[in-house]
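Engineer: Below is a structure I'd like to ask you about.
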Amino acid sequence: MKCFRLAKVKAKGKKPVNQTPAIEPISETGQTVRVALGRGHTQKKQGADNYKGESEWEYYGRIIPKVKRQIHTLAPGKFVTLQIDRAATVGYSTQCRDSARKAELWNADIVVLCHFNSAGRNARGVENLIIDTSDHLDNKLAKIFSDFLNEELGIKERGKDGVKVIKSRHNGYGMLNAMRKKSIPSVLIEPCFAKYENEESRAIFEDDERFADILARAIIKSVTI
Ligand SMILES: [Zn+2]
């Protein structure tokens, strides 16, 4: 396996000509990839519920440790992983700032913000959110994860390849913006619409191990050639 590490190149005022930042092979540097998994929402405001009545916060409290375990099982010694929990005791913007600071101090190469979607009975599909398209790694992970869900679980890809590119400084995406300010590539995952039981939501929520394995493999593949 050949892993690549993103060079932390901060754009100073002008846009980079090539949107793909420089990367160097981890196999040559001996460096590991540092993946932080952000648990969506807080104990106080737990986000949407799935059809089983389980909140985003509850669900990912159980899933993230499985994803971490699976990454280390499939690619031993290649990754370091961290779960980032948001503090319920402070306001949303402070939560975002604190999480981004934590990811920065920890030297995260990528942050995966873990959520699921909620809407009307007929809504279907995966949609992974990234800011702009300037970070090679976040775009790549968003696409790979969406493809895996489509190919392996039959989940429809919304929009273009199941990836939604949002404009930076959009108010609704504080965590993505906070990571962007620190130049940390980040993806906010929305693997399915969870409120109603259907073929897609069942594929996710009836098999924790399978979902954790798919996310782990997407993360590994996104930094592997
Ligand atoms: Zn959410």
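Labeling convention for the structure tokens: chains A, B, ... as they appear, residues from 1 per chain, ligands from 1 in order of appearance.
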Which protein, DNA or RNA residues have an atom within 7 Å of ligand 1, counting only C-alpha atoms and all ligand atoms, as number ranges by chain?

Structural biologist: A: 40-41, 47-48, 56, 115-117

Engineer: Write a file of the selected residues as an mmCIF file, in the first residue's frame, keeping C-alpha atoms.

Structural biologist:
```cif
data_model
loop_
_atom_site.group_PDB
_atom_site.id
_atom_site.type_symbol
_atom_site.label_atom_id
_atom_site.label_comp_id
_atom_site.auth_asym_id
_atom_site.auth_seq_id
_atom_site.Cartn_x
_atom_site.Cartn_y
_atom_site.Cartn_z
ATOM 1 C CA GLY A 40 -21.703 15.181 15.100
ATOM 2 C CA HIS A 41 -23.625 17.351 17.595
ATOM 3 C CA GLY A 47 -29.044 16.203 16.030
ATOM 4 C CA ALA A 48 -31.572 14.255 13.976
ATOM 5 C CA GLU A 56 -26.730 11.297 15.314
ATOM 6 C CA HIS A 115 -23.657 13.054 10.504
ATOM 7 C CA PHE A 116 -26.733 11.635 8.836
ATOM 8 C CA ASN A 117 -29.425 13.434 6.909
#
```

Engineer: Residues near A:Ile130, anyone? I mean within 12 Å using only C-alpha atoms, not counting same-chain ones fewer than 5 positions away, as JSON, numbers by chain.

Structural biologist: {"A": [110, 111, 112, 113, 135, 136, 137, 138, 139, 140, 141, 142, 143, 162, 163, 164, 165, 166, 167, 168, 170, 173, 174, 175, 176, 177, 179, 180, 184, 185, 186, 187, 188, 189, 190]}

Engineer: Any chance you can output those residues with N, CA and C atoms as a compact mmCIF listing (two decimals), in the first residue's frame?

Structural biologist:
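In the end it all went to selection.txt:
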```txt
# COMPACT_ATOMS: atom_id res chain seq x y z
N ILE A 110 -6.65 15.00 7.93
CA ILE A 110 -8.03 15.16 7.44
C ILE A 110 -9.00 14.97 8.61
N VAL A 111 -10.13 15.69 8.54
CA VAL A 111 -11.17 15.56 9.55
C VAL A 111 -12.44 15.08 8.87
N VAL A 112 -13.03 14.03 9.44
CA VAL A 112 -14.29 13.49 8.91
C VAL A 112 -15.38 13.82 9.93
N LEU A 113 -16.31 14.68 9.53
CA LEU A 113 -17.38 15.11 10.43
C LEU A 113 -18.60 14.21 10.19
N ASP A 135 -9.00 21.37 -1.78
CA ASP A 135 -8.22 20.32 -1.12
C ASP A 135 -8.45 18.99 -1.82
N HIS A 136 -7.39 18.46 -2.33
CA HIS A 136 -7.42 17.19 -3.03
C HIS A 136 -8.03 16.08 -2.16
N LEU A 137 -7.58 15.99 -0.93
CA LEU A 137 -7.92 14.85 -0.08
C LEU A 137 -9.39 14.83 0.34
N ASP A 138 -9.95 15.98 0.67
CA ASP A 138 -11.35 15.98 1.11
C ASP A 138 -12.28 15.61 -0.04
N ASN A 139 -11.98 16.13 -1.21
CA ASN A 139 -12.79 15.83 -2.39
C ASN A 139 -12.72 14.33 -2.72
N LYS A 140 -11.52 13.82 -2.64
CA LYS A 140 -11.29 12.41 -2.96
C LYS A 140 -12.04 11.49 -1.97
N LEU A 141 -11.91 11.79 -0.69
CA LEU A 141 -12.60 10.97 0.31
C LEU A 141 -14.11 11.05 0.13
N ALA A 142 -14.62 12.25 -0.12
CA ALA A 142 -16.07 12.42 -0.29
C ALA A 142 -16.56 11.56 -1.45
N LYS A 143 -15.82 11.54 -2.54
CA LYS A 143 -16.23 10.77 -3.72
C LYS A 143 -16.13 9.26 -3.47
N GLY A 162 -22.49 12.31 -5.48
CA GLY A 162 -22.79 12.28 -4.05
C GLY A 162 -21.95 13.25 -3.24
N VAL A 163 -21.41 14.26 -3.93
CA VAL A 163 -20.58 15.26 -3.24
C VAL A 163 -21.20 16.63 -3.43
N LYS A 164 -21.37 17.35 -2.35
CA LYS A 164 -21.90 18.70 -2.44
C LYS A 164 -20.80 19.69 -2.04
N VAL A 165 -20.50 20.58 -2.95
CA VAL A 165 -19.47 21.57 -2.68
C VAL A 165 -20.15 22.84 -2.21
N ILE A 166 -19.81 23.26 -1.00
CA ILE A 166 -20.43 24.49 -0.49
C ILE A 166 -19.41 25.62 -0.51
N LYS A 167 -19.93 26.81 -0.58
CA LYS A 167 -19.05 27.99 -0.60
C LYS A 167 -18.49 28.23 0.79
N SER A 168 -17.23 28.61 0.87
CA SER A 168 -16.68 28.93 2.19
C SER A 168 -17.43 30.14 2.75
N HIS A 170 -20.14 30.01 4.20
CA HIS A 170 -21.57 29.75 4.29
C HIS A 170 -21.88 29.57 5.78
N TYR A 173 -22.40 25.94 8.03
CA TYR A 173 -21.43 24.85 8.15
C TYR A 173 -20.21 25.26 8.98
N GLY A 174 -20.48 25.55 10.24
CA GLY A 174 -19.46 26.08 11.13
C GLY A 174 -18.24 25.19 11.27
N MET A 175 -18.47 23.89 11.38
CA MET A 175 -17.33 22.99 11.59
C MET A 175 -16.44 22.93 10.36
N LEU A 176 -17.06 22.84 9.17
CA LEU A 176 -16.27 22.82 7.93
C LEU A 176 -15.49 24.13 7.79
N ASN A 177 -16.15 25.23 8.09
CA ASN A 177 -15.47 26.53 7.98
C ASN A 177 -14.33 26.67 8.98
N MET A 179 -12.52 24.28 10.21
CA MET A 179 -11.39 23.46 9.75
C MET A 179 -10.69 24.15 8.59
N ARG A 180 -11.48 24.74 7.69
CA ARG A 180 -10.91 25.42 6.53
C ARG A 180 -9.99 26.57 6.97
N ILE A 184 -7.20 22.65 7.27
CA ILE A 184 -7.30 21.19 7.45
C ILE A 184 -8.41 20.68 6.53
N PRO A 185 -8.07 19.80 5.58
CA PRO A 185 -9.12 19.25 4.71
C PRO A 185 -10.19 18.55 5.56
N SER A 186 -11.45 18.79 5.26
CA SER A 186 -12.50 18.13 6.05
C SER A 186 -13.70 17.80 5.18
N VAL A 187 -14.36 16.71 5.55
CA VAL A 187 -15.55 16.23 4.85
C VAL A 187 -16.65 16.04 5.87
N LEU A 188 -17.84 16.53 5.56
CA LEU A 188 -18.99 16.27 6.43
C LEU A 188 -19.84 15.20 5.75
N ILE A 189 -19.91 14.04 6.38
CA ILE A 189 -20.60 12.92 5.71
C ILE A 189 -22.08 12.85 6.10
N GLU A 190 -22.91 12.62 5.09
CA GLU A 190 -24.36 12.41 5.27
C GLU A 190 -24.70 11.15 4.46
```

Engineer: So, counting only C-alpha atoms, which residue among A:Leu149, A:Leu215, A:Cys114, A:Cys192 is closest to A:Glu58?

Structural biologist: A:Cys114

Engineer: Can you tell me, as a PyMOL selection string, which residues in stretch 71-172 of chain A count as helix (DSSP H, G or I) by DSSP?

Structural biologist: chain A and resi 71-74+92-105+136-153

Engineer: Write a file of the just-selected residues containing C-alpha atoms, as a CSV table (one decimal), in the first residue's frame.

Structural biologist:
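Written output follows (again.csv):
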```csv
chain,number,residue,atom,x,y,z
A,71,ILE,CA,-8.7,1.4,10.1
A,72,HIS,CA,-6.0,0.0,12.4
A,73,THR,CA,-7.0,-3.6,11.5
A,74,LEU,CA,-6.9,-3.0,7.7
A,92,TYR,CA,-21.8,26.5,18.7
A,93,SER,CA,-19.1,28.8,17.3
A,94,THR,CA,-16.8,28.1,20.3
A,95,GLN,CA,-17.4,24.4,19.7
A,96,CYS,CA,-16.3,24.7,16.1
A,97,ARG,CA,-13.3,26.8,17.0
A,98,ASP,CA,-12.3,24.5,19.8
A,99,SER,CA,-12.6,21.4,17.6
A,100,ALA,CA,-10.5,23.0,14.8
A,101,ARG,CA,-7.9,24.0,17.3
A,102,LYS,CA,-7.8,20.5,18.7
A,103,ALA,CA,-7.5,19.0,15.1
A,104,GLU,CA,-4.7,21.5,14.4
A,105,LEU,CA,-2.7,20.8,17.6
A,136,HIS,CA,-7.4,17.2,-3.0
A,137,LEU,CA,-7.9,14.9,-0.1
A,138,ASP,CA,-11.3,16.0,1.1
A,139,ASN,CA,-12.8,15.8,-2.4
A,140,LYS,CA,-11.3,12.4,-3.0
A,141,LEU,CA,-12.6,11.0,0.3
A,142,ALA,CA,-16.1,12.4,-0.3
A,143,LYS,CA,-16.2,10.8,-3.7
A,144,ILE,CA,-14.8,7.4,-2.7
A,145,PHE,CA,-17.1,7.1,0.3
A,146,SER,CA,-20.1,8.0,-1.8
A,147,ASP,CA,-19.1,5.5,-4.5
A,148,PHE,CA,-18.7,2.7,-1.9
A,149,LEU,CA,-22.1,3.4,-0.4
A,150,ASN,CA,-23.6,3.4,-3.9
A,151,GLU,CA,-21.8,0.2,-5.1
A,152,GLU,CA,-22.0,-1.8,-1.9
A,153,LEU,CA,-25.3,-0.7,-0.3
```

Engineer: Taking only C-alpha atoms into account, name the residue in A:Val33, A:Gln70, A:Pro76, A:Ile155 that is nearest to A:Glu199.

Structural biologist: A:Ile155

Engineer: I'd like the neighbourhood of A:Tyr59 as a VMD selection string, where a residue qualifies if any of its atoms comes within 12 Å (using only C-alpha atoms), though same-chain residues fewer than 2 positions away should be ignored.

Structural biologist: chain A and resid 39 to 43 46 to 57 61 to 66 114 to 116 194 204 to 208 211 to 212

Engineer: What does the distance between atom CA of A:Lys182 and atom CA of A:Thr81 come to in Å, to one decimal place?

Structural biologist: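 Atom-to-atom, atom CA of A:Lys182 to atom CA of A:Thr81, that is 18.5 Å.
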
Engineer: To one decimal in Å, tell me the separation between atom CA of A:Asp161 and atom CA of A:Asp213.

Structural biologist: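 These two atoms are separated by 20.4 Å.
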
Engineer: Please, what distance in Å, to one decimal, runs between atom CA of A:Leu82 and atom CA of A:Val67?

Structural biologist: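 That distance, rounded to one decimal, is 10.6 Å.
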